[in-house]
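Here is the structure we will look at.
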Amino acid sequence: MTRKFLLTITALLCVTTSRASAVAGDKPFSVLHISDVHISPHLAKEPQPGEVRGQDTFDWLYGEVDKPQEIPGWPSAAPKPDFAIVTGDITEYGVIDDTWDIVKRTFDRLPFPWHALPGNHDNTWVALYDVMRRRHGGENHSIDHKGVHFVFLCSASPQEPVPSIDATTRAWLQADLAKVDARTPIIVAMHHPLEIDEFANPVEQVTLVDMLRDHNVQLMLFGHGHSLRRHDEQGIPGVQGGSTFGGNSGYGVITIGDGRIRYAYHFLKKKLSDDPEAQPGGWKTVYDEPLAWRPRLFDLQSPEKNATVTGSTLHVRATPTNDASGKTARVTYAIDDGSETGEREVQLNDAFDIDVPLDGLQAGAHLLTVHLRIGEGKDAAHDLRTRIFHTADPRLDVVWRRNLPAAMKAGPLIAGDLLILPRTDGILQAVNRKTGENIWQLKSDGEILATPAISGDTIVFGSGDGGVYGADLRGAIRWKYTVGIPVYSQPVIADGVVYIGDNGGNMHAISVADGTHKWSFARADFSIECQPAVWGDMLVFGAWDGFLYALDRNTGELRWKQPGPKASLGKGVRYYAPADCGPIVAGDRLVVCDRGYHLGTYAPDGKMLTNDALDVSAVTASADHLAYFARHRDDRVRKSDTNGTTLWETQVPAGRFPVPPTLHGDTLYVCANTGLLSALNAQTGEKLWSYRTTPGFYVMGSVAVADDGICYVAGMDGSLTAIRPRTQQRG
């Protein structure tokens, strides 16, 4: 959806239709808001750390928040906060080794409890999920306090720096809000403001707002921006807090009671003399409004959810609620990014109909957004509804489509007639790959973030609960090897041995037959996430410390250690590590890409042969390992020989995710960041067909392709799509 369209909806929705004090009891209470602390990592081998970043802010606020808050312009002092909300980026690089102990020591000095949620810095390198599980029961949690429901929502993607509101989080939120009375005031805390451009597609924002609009959300709290700012998140007010270091160091205070909700920020050092809204003592009030009730105004009757629409027109039917019946309204609609929009006036006596043109839409999943406005100016009433629908391509056969209540960051695994699905809610699920029918589920106690490996009839996968599992094709656990640290690495199996890394930087060799320990390498200085490569008698992998490691795969002894391509330039080593897309072997060299989007090649002795800034996000080898295919973040796919000579290059949506293209026979499959699947002729690069598997939700895992030509795409929205060309022979 275009930024212009989003801002138009935001401006229209920000006004409420009626005011109501829904808090149980009018006695005010306060909550502290802290964000963006960025405590640096502390490795176990290092000496005791000194002061944390922003220590001067913490030393100051420990005393300030242990008393009522005298905020200029408020009718009375805000009570001493009852608890604190920490909206993410608690750490700089996640929770390696002793890092969380330092976080805990810092926050436990507060004179009241504190609740936290992950930010992108917390989840990218050594994800915070296991800490959130121990502390709050999971990455999402909620509490009820003095008549208000507080929701702590994770917007940080697992092991990726981009924000997303994935299917696991949405399913949790839907179940949580279903238990809350409709008029209970709700405050939602999350790291990322919804209106930022880092959300790749408006489907993330508007569908979440659609969920929240049916509930009494009074305010959203954000971090991420390190600066104080008021937001209107498409009709729901929000406040972005500052940080505990830098020019906006300080803390926020939210007070609820007497029929109002207020937010003021207390700066440590910032000069406010030039700010007309500033108050004495370093205070600034950014929100002061009555508690609001926003009634639902209409429902969408058609299209049905996930309907497949034929023809060139989408028929939309909506029904007004009692709060809107008999009134005149303006209705605005948009498809996908808002490039196709329309507006009309309707009389809300009964259901109203709109025909939306679909000419030129790419086949696949799309998003319809309908906004209704009654009245003008500040007294206008507004509502927003969304619906996902699908369009068809006569050349393609959607064999089946499903939506699961959990995200899948990794691609599926084909195991005969089974499709094995690694879910971020800790479930490994098997479905019939030809029908999508459930066969079995296996529950681990942590998220599964990598595609499993299979050897014979044994499926191997790692879990955030610190275990590596071996399961049979009936879903029974054969063995479990306990690492004790979350295992997010994708395993590789060779000669009866499983090789898999962990979040502590260790690499393990385990017998695939019975899970017995062969050896462990200790260690890289940061987590190991990628799938290792078997290269003769060596095992080669990258880690988030910026280095490539080559081990003797029989003993685990280190053969060599070299910096990754971009890391070899000496800056931003962890940011640019060769750690998320596993290396591949092509000819007599190792081909490596990294988070700096450099492509490098290495000799067997570890010598770097080439290092080019080619915008490469992922690579996969040709069938004969004499060439490789590269996915570029500037939307192209390229085939090269082992000397780096381009054999062909095709402009096709690809993107920055470290997701290798999938080669099957003479076809190469690449799925773009936001779900557009493209099939290319692997010999020539000719584009064969494409299909939108999601309406813009992220796809972070590789495509799986079976011998009968059915290809499978799993999305962060919980969608599963099984598709093939109609000319393909049926199995």
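Going through the structure tokens in order, the chains are called A, B, and so on, while each chain numbers its residues from 1 and the ligands are numbered from 1 in the order shown.
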
All residues 8 Å or closer to segment 643-652 of chain A, only C-alpha atoms, same chain fewer than 3 positions away omitted, as a list in words:
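Counting only C-alpha atoms, the residues come to Asp635, Arg636, Val637, Arg638, Lys639, Ser640, Ser678, Thr684, Gly685, Glu686 and Lys687 of chain A.
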
Selected residues, N, CA and C atoms, written as an mmCIF file, in the first residue's frame, please.
data_model
loop_
_atom_site.group_PDB
_atom_site.id
_atom_site.type_symbol
_atom_site.label_atom_id
_atom_site.label_comp_id
_atom_site.auth_asym_id
_atom_site.auth_seq_id
_atom_site.Cartn_x
_atom_site.Cartn_y
_atom_site.Cartn_z
ATOM 1 N N ASP A 635 16.965 -7.930 -6.883
ATOM 2 C CA ASP A 635 15.949 -8.594 -7.708
ATOM 3 C C ASP A 635 16.496 -9.100 -9.041
ATOM 4 N N ARG A 636 17.466 -9.984 -8.918
ATOM 5 C CA ARG A 636 17.946 -10.724 -10.075
ATOM 6 C C ARG A 636 18.502 -12.054 -9.590
ATOM 7 N N VAL A 637 18.536 -13.009 -10.500
ATOM 8 C CA VAL A 637 19.108 -14.321 -10.227
ATOM 9 C C VAL A 637 20.156 -14.579 -11.303
ATOM 10 N N ARG A 638 21.282 -15.127 -10.890
ATOM 11 C CA ARG A 638 22.414 -15.274 -11.807
ATOM 12 C C ARG A 638 23.010 -16.665 -11.671
ATOM 13 N N LYS A 639 23.402 -17.227 -12.807
ATOM 14 C CA LYS A 639 24.149 -18.480 -12.808
ATOM 15 C C LYS A 639 25.578 -18.189 -13.241
ATOM 16 N N SER A 640 26.545 -18.721 -12.481
ATOM 17 C CA SER A 640 27.957 -18.482 -12.775
ATOM 18 C C SER A 640 28.727 -19.787 -12.728
ATOM 19 N N SER A 678 8.876 -17.685 -8.371
ATOM 20 C CA SER A 678 9.201 -17.699 -9.795
ATOM 21 C C SER A 678 9.937 -18.982 -10.130
ATOM 22 N N THR A 684 18.945 -21.804 -19.118
ATOM 23 C CA THR A 684 18.935 -20.555 -19.885
ATOM 24 C C THR A 684 18.558 -19.331 -19.065
ATOM 25 N N GLY A 685 17.922 -19.522 -17.921
ATOM 26 C CA GLY A 685 17.440 -18.410 -17.123
ATOM 27 C C GLY A 685 16.072 -17.907 -17.552
ATOM 28 N N GLU A 686 15.468 -18.527 -18.568
ATOM 29 C CA GLU A 686 14.153 -18.088 -19.038
ATOM 30 C C GLU A 686 13.120 -18.220 -17.917
ATOM 31 N N LYS A 687 12.316 -17.182 -17.739
ATOM 32 C CA LYS A 687 11.251 -17.220 -16.737
ATOM 33 C C LYS A 687 10.094 -18.060 -17.258
#

What's the 9 Å shell around Ala621 of chain A, counting only C-alpha atoms, without same-chain residues fewer than 3 positions away, as a PyMOL selection string?
chain A and resi 584-586+624-630+663

Out of A:Ala407, A:Tyr129, A:Asp612, A:Val592, which residue has the shortest atom-to-atom distance to Ser463 of chain A when counting only C-alpha atoms?
A:Tyr129

Need the shell around Val86 of chain A: protein/DNA/RNA residues with any atom at most 12 Å away, counting only C-alpha atoms. Skip same-chain ones fewer than 3 positions apart. Format as a PyMOL selection string?
chain A and resi 31-38+83+89-91+103+107+113-119+152-154+189-191+221-224+240-244+251-252

Env of Val540 of chain A: 8 Å cut, atoms = only C-alpha atoms, seq-sep filter 6 positions within chain, self excluded. Answer as a list in words.
Pro532, Ala533, Val534, Leu548, Tyr549, Ala550, Leu551 and Pro583 of chain A

Would you give me, as a tab-separated table, each residue of segment 506-545 of chain A having an atom within 9 Å of an atom of segment 558-569 of chain A, along with its shortest atom pair and that distance in Å to one decimal, using only C-alpha atoms and sorting by chain and residue number?
residue	atom	partner	partner_atom	distance
A:Phe521	CA	A:Leu558	CA	8.0
A:Met538	CA	A:Arg559	CA	8.1
A:Gly542	CA	A:Gly564	CA	7.6
A:Asp545	CA	A:Pro563	CA	8.9

Could those selected residues go to a file with C-alpha atoms, as a tab-separated table (two decimals), in the first residue's frame?
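Everything below was put into result.tsv:
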chain	number	residue	atom	x	y	z
A	521	PHE	CA	33.98	-28.08	18.59
A	538	MET	CA	36.36	-31.06	6.17
A	542	GLY	CA	30.28	-19.53	9.13
A	545	ASP	CA	31.53	-13.67	14.97

Residue nearest Gln362 of chain A among A:Trp283, A:Tyr691, A:Tyr712, A:Phe29 (counting only C-alpha atoms):
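Ranking A:Trp283, A:Tyr691, A:Tyr712, A:Phe29 by distance to Gln362 of chain A, first place goes to A:Tyr691.
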
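What separates atom CA of Thr458 of chain A from atom CA of Glu160 of chain A is a distance of 28.8 Å.
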
Would you pick out the contacts of Gly246 of chain A at 10 Å or less, using only C-alpha atoms, so that residues sharing its chain but fewer than 6 positions from it are not included, and give the list as a list of chain:residue names?
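Result of the neighbour search: A:Arg53, A:Gly54, A:Thr57, A:His226, A:Ser227, A:Leu268, A:Lys269, A:Lys270.
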
Output file for the selection above: N, CA and C atoms, as a PDB file, in the first residue's frame:
ATOM      1  N   ARG A  53      26.339   0.493  28.741  1.00  0.00           N
ATOM      2  CA  ARG A  53      25.984   1.686  27.974  1.00  0.00           C
ATOM      3  C   ARG A  53      24.785   2.367  28.631  1.00  0.00           C
ATOM      4  N   GLY A  54      24.858   3.678  28.808  1.00  0.00           N
ATOM      5  CA  GLY A  54      23.764   4.404  29.438  1.00  0.00           C
ATOM      6  C   GLY A  54      23.701   4.257  30.944  1.00  0.00           C
ATOM      7  N   THR A  57      22.249   7.131  32.808  1.00  0.00           N
ATOM      8  CA  THR A  57      20.783   7.216  32.778  1.00  0.00           C
ATOM      9  C   THR A  57      20.172   6.317  33.841  1.00  0.00           C
ATOM     10  N   HIS A 226      14.536   5.464  18.997  1.00  0.00           N
ATOM     11  CA  HIS A 226      15.449   6.213  19.877  1.00  0.00           C
ATOM     12  C   HIS A 226      15.051   7.685  19.986  1.00  0.00           C
ATOM     13  N   SER A 227      13.804   7.999  19.699  1.00  0.00           N
ATOM     14  CA  SER A 227      13.376   9.400  19.797  1.00  0.00           C
ATOM     15  C   SER A 227      11.906   9.436  20.173  1.00  0.00           C
ATOM     16  N   LEU A 268      16.947  13.057  30.430  1.00  0.00           N
ATOM     17  CA  LEU A 268      18.074  13.202  31.344  1.00  0.00           C
ATOM     18  C   LEU A 268      18.833  14.508  31.087  1.00  0.00           C
ATOM     19  N   LYS A 269      19.168  14.777  29.834  1.00  0.00           N
ATOM     20  CA  LYS A 269      20.057  15.905  29.544  1.00  0.00           C
ATOM     21  C   LYS A 269      19.551  16.816  28.436  1.00  0.00           C
ATOM     22  N   LYS A 270      18.653  16.364  27.625  1.00  0.00           N
ATOM     23  CA  LYS A 270      18.306  17.103  26.419  1.00  0.00           C
ATOM     24  C   LYS A 270      17.781  18.501  26.747  1.00  0.00           C
TER      25      LYS A 270
END

Would you mind telling me which residue in A:Phe657, A:Tyr287, A:Tyr481, A:Phe150 lies nearest to Val460 of chain A when using only C-alpha atoms?
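Once distances to Val460 of chain A are computed over only C-alpha atoms, the minimum belongs to A:Tyr481.
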
Residues near segment 487-492 of chain A, anyone? I mean within 7 Å using only C-alpha atoms, not counting same-chain ones fewer than 5 positions away, as a list in words.
Ile448, Leu449, Ala450, Thr451, Pro452, Ala453, Phe461, Gly462, Ser463, Gly464, Gly466, Gly467, Val498, Tyr499, Ile500, Gly501, Asp502, Asn503, Ile528, Glu529, Cys530, Gln531 and Pro532 of chain A

Writing out the chosen residues with N, CA and C atoms as a PDB file, in the first residue's frame:
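This is the output file selection.pdb:
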ATOM      1  N   ILE A 448      11.323 -24.060  16.284  1.00  0.00           N
ATOM      2  CA  ILE A 448      12.105 -24.774  15.273  1.00  0.00           C
ATOM      3  C   ILE A 448      12.286 -23.807  14.115  1.00  0.00           C
ATOM      4  N   LEU A 449      13.516 -23.387  13.877  1.00  0.00           N
ATOM      5  CA  LEU A 449      13.777 -22.301  12.935  1.00  0.00           C
ATOM      6  C   LEU A 449      14.544 -22.734  11.695  1.00  0.00           C
ATOM      7  N   ALA A 450      14.855 -24.024  11.561  1.00  0.00           N
ATOM      8  CA  ALA A 450      15.615 -24.486  10.403  1.00  0.00           C
ATOM      9  C   ALA A 450      14.964 -25.730   9.820  1.00  0.00           C
ATOM     10  N   THR A 451      15.152 -25.921   8.519  1.00  0.00           N
ATOM     11  CA  THR A 451      14.637 -27.106   7.841  1.00  0.00           C
ATOM     12  C   THR A 451      15.330 -28.355   8.372  1.00  0.00           C
ATOM     13  N   PRO A 452      14.578 -29.393   8.736  1.00  0.00           N
ATOM     14  CA  PRO A 452      15.204 -30.629   9.196  1.00  0.00           C
ATOM     15  C   PRO A 452      15.999 -31.308   8.072  1.00  0.00           C
ATOM     16  N   ALA A 453      16.789 -32.292   8.450  1.00  0.00           N
ATOM     17  CA  ALA A 453      17.492 -33.155   7.499  1.00  0.00           C
ATOM     18  C   ALA A 453      16.941 -34.570   7.656  1.00  0.00           C
ATOM     19  N   PHE A 461      16.268 -32.631  13.603  1.00  0.00           N
ATOM     20  CA  PHE A 461      16.045 -31.186  13.690  1.00  0.00           C
ATOM     21  C   PHE A 461      16.505 -30.670  15.044  1.00  0.00           C
ATOM     22  N   GLY A 462      16.809 -29.381  15.086  1.00  0.00           N
ATOM     23  CA  GLY A 462      17.166 -28.715  16.329  1.00  0.00           C
ATOM     24  C   GLY A 462      16.018 -27.861  16.826  1.00  0.00           C
ATOM     25  N   SER A 463      16.020 -27.559  18.126  1.00  0.00           N
ATOM     26  CA  SER A 463      14.939 -26.789  18.739  1.00  0.00           C
ATOM     27  C   SER A 463      15.504 -25.736  19.680  1.00  0.00           C
ATOM     28  N   GLY A 464      14.727 -24.689  19.884  1.00  0.00           N
ATOM     29  CA  GLY A 464      15.091 -23.656  20.846  1.00  0.00           C
ATOM     30  C   GLY A 464      15.092 -24.135  22.273  1.00  0.00           C
ATOM     31  N   GLY A 466      16.983 -26.410  23.281  1.00  0.00           N
ATOM     32  CA  GLY A 466      18.334 -26.897  23.558  1.00  0.00           C
ATOM     33  C   GLY A 466      18.562 -28.334  23.188  1.00  0.00           C
ATOM     34  N   GLY A 467      17.651 -28.913  22.408  1.00  0.00           N
ATOM     35  CA  GLY A 467      17.794 -30.307  22.019  1.00  0.00           C
ATOM     36  C   GLY A 467      17.938 -30.490  20.525  1.00  0.00           C
ATOM     37  N   VAL A 498      25.346 -36.562  11.937  1.00  0.00           N
ATOM     38  CA  VAL A 498      24.654 -35.272  11.884  1.00  0.00           C
ATOM     39  C   VAL A 498      25.617 -34.202  12.361  1.00  0.00           C
ATOM     40  N   TYR A 499      25.742 -33.128  11.586  1.00  0.00           N
ATOM     41  CA  TYR A 499      26.542 -31.973  11.987  1.00  0.00           C
ATOM     42  C   TYR A 499      25.587 -30.795  12.169  1.00  0.00           C
ATOM     43  N   ILE A 500      25.657 -30.159  13.348  1.00  0.00           N
ATOM     44  CA  ILE A 500      24.710 -29.084  13.652  1.00  0.00           C
ATOM     45  C   ILE A 500      25.324 -28.133  14.670  1.00  0.00           C
ATOM     46  N   GLY A 501      25.109 -26.822  14.484  1.00  0.00           N
ATOM     47  CA  GLY A 501      25.654 -25.819  15.391  1.00  0.00           C
ATOM     48  C   GLY A 501      24.631 -25.328  16.393  1.00  0.00           C
ATOM     49  N   ASP A 502      25.085 -24.556  17.392  1.00  0.00           N
ATOM     50  CA  ASP A 502      24.170 -24.054  18.411  1.00  0.00           C
ATOM     51  C   ASP A 502      24.379 -22.563  18.654  1.00  0.00           C
ATOM     52  N   ASN A 503      23.537 -22.000  19.502  1.00  0.00           N
ATOM     53  CA  ASN A 503      23.561 -20.562  19.769  1.00  0.00           C
ATOM     54  C   ASN A 503      24.742 -20.132  20.628  1.00  0.00           C
ATOM     55  N   ILE A 528      26.095 -20.092  15.806  1.00  0.00           N
ATOM     56  CA  ILE A 528      26.163 -20.765  14.504  1.00  0.00           C
ATOM     57  C   ILE A 528      24.736 -21.047  14.059  1.00  0.00           C
ATOM     58  N   GLU A 529      24.353 -20.449  12.959  1.00  0.00           N
ATOM     59  CA  GLU A 529      22.977 -20.553  12.460  1.00  0.00           C
ATOM     60  C   GLU A 529      22.890 -21.301  11.136  1.00  0.00           C
ATOM     61  N   CYS A 530      23.896 -21.175  10.277  1.00  0.00           N
ATOM     62  CA  CYS A 530      23.791 -21.701   8.919  1.00  0.00           C
ATOM     63  C   CYS A 530      24.002 -23.210   8.876  1.00  0.00           C
ATOM     64  N   GLN A 531      23.633 -23.782   7.740  1.00  0.00           N
ATOM     65  CA  GLN A 531      23.911 -25.196   7.498  1.00  0.00           C
ATOM     66  C   GLN A 531      25.378 -25.353   7.111  1.00  0.00           C
ATOM     67  N   PRO A 532      26.127 -26.236   7.787  1.00  0.00           N
ATOM     68  CA  PRO A 532      27.525 -26.441   7.401  1.00  0.00           C
ATOM     69  C   PRO A 532      27.617 -27.180   6.068  1.00  0.00           C
TER      70      PRO A 532
END

Applying 7 Å and only C-alpha atoms, which residues near segment 372-374 of chain A remain after dropping the ones on its own chain fewer than 4 positions away? List them as a VMD selection string.
chain A and resid 328 to 332 380 to 384

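The smallest atom-to-atom distance between His371 of chain A and any of A:Leu194, A:Cys711, A:Met408, A:Val206, using only C-alpha atoms, is found for A:Val206.
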
Run DSSP on the backbone and tell me which residues of segment 13-242 of chain A come out as strand (DSSP E); list them as a PyMOL selection string.
chain A and resi 18-19+29-34+84-87+114-117+141-145+148-152+186-189+217-222+229-233+236-240

Could you save those same residues with C-alpha atoms as an mmCIF file, in the first residue's frame?
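Output contents, as saved in part02.cif:
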data_model
loop_
_atom_site.group_PDB
_atom_site.id
_atom_site.type_symbol
_atom_site.label_atom_id
_atom_site.label_comp_id
_atom_site.auth_asym_id
_atom_site.auth_seq_id
_atom_site.Cartn_x
_atom_site.Cartn_y
_atom_site.Cartn_z
ATOM 1 C CA SER A 18 -17.314 8.458 21.588
ATOM 2 C CA ARG A 19 -15.547 8.675 24.902
ATOM 3 C CA PHE A 29 -1.859 4.330 38.542
ATOM 4 C CA SER A 30 1.384 4.677 36.601
ATOM 5 C CA VAL A 31 3.646 2.474 34.491
ATOM 6 C CA LEU A 32 7.261 3.142 33.523
ATOM 7 C CA HIS A 33 8.328 2.888 29.853
ATOM 8 C CA ILE A 34 11.967 2.163 28.954
ATOM 9 C CA ALA A 84 8.073 -1.176 33.975
ATOM 10 C CA ILE A 85 7.586 -1.992 30.292
ATOM 11 C CA VAL A 86 10.769 -2.475 28.245
ATOM 12 C CA THR A 87 9.993 -2.270 24.520
ATOM 13 C CA TRP A 114 9.618 -5.224 34.834
ATOM 14 C CA HIS A 115 8.214 -6.813 31.691
ATOM 15 C CA ALA A 116 10.203 -7.072 28.481
ATOM 16 C CA LEU A 117 9.761 -8.005 24.840
ATOM 17 C CA HIS A 141 2.647 -12.406 26.983
ATOM 18 C CA SER A 142 0.027 -10.321 28.757
ATOM 19 C CA ILE A 143 -0.943 -9.192 32.242
ATOM 20 C CA ASP A 144 -4.025 -7.640 33.820
ATOM 21 C CA HIS A 145 -3.449 -4.737 36.174
ATOM 22 C CA VAL A 148 -6.326 -2.640 32.236
ATOM 23 C CA HIS A 149 -5.068 -5.444 29.976
ATOM 24 C CA PHE A 150 -1.405 -5.057 28.939
ATOM 25 C CA VAL A 151 -0.233 -6.963 25.852
ATOM 26 C CA PHE A 152 3.481 -7.506 25.129
ATOM 27 C CA ILE A 186 -5.942 -2.422 26.441
ATOM 28 C CA ILE A 187 -2.384 -1.142 26.077
ATOM 29 C CA VAL A 188 -0.282 -2.923 23.442
ATOM 30 C CA ALA A 189 3.509 -2.757 23.701
ATOM 31 C CA VAL A 217 -7.043 -0.554 22.525
ATOM 32 C CA GLN A 218 -6.280 2.785 24.146
ATOM 33 C CA LEU A 219 -2.595 3.194 23.375
ATOM 34 C CA MET A 220 0.333 1.423 21.734
ATOM 35 C CA LEU A 221 3.879 1.749 23.092
ATOM 36 C CA PHE A 222 6.910 1.413 20.823
ATOM 37 C CA ARG A 229 7.311 10.636 18.917
ATOM 38 C CA ARG A 230 3.542 10.374 18.898
ATOM 39 C CA HIS A 231 2.031 7.964 16.371
ATOM 40 C CA ASP A 232 -1.408 7.308 14.976
ATOM 41 C CA GLU A 233 -1.283 3.710 13.904
ATOM 42 C CA ILE A 236 -4.958 3.680 17.222
ATOM 43 C CA PRO A 237 -2.793 6.228 19.082
ATOM 44 C CA GLY A 238 0.761 5.318 19.939
ATOM 45 C CA VAL A 239 3.913 6.720 21.554
ATOM 46 C CA GLN A 240 7.491 5.874 20.641
#
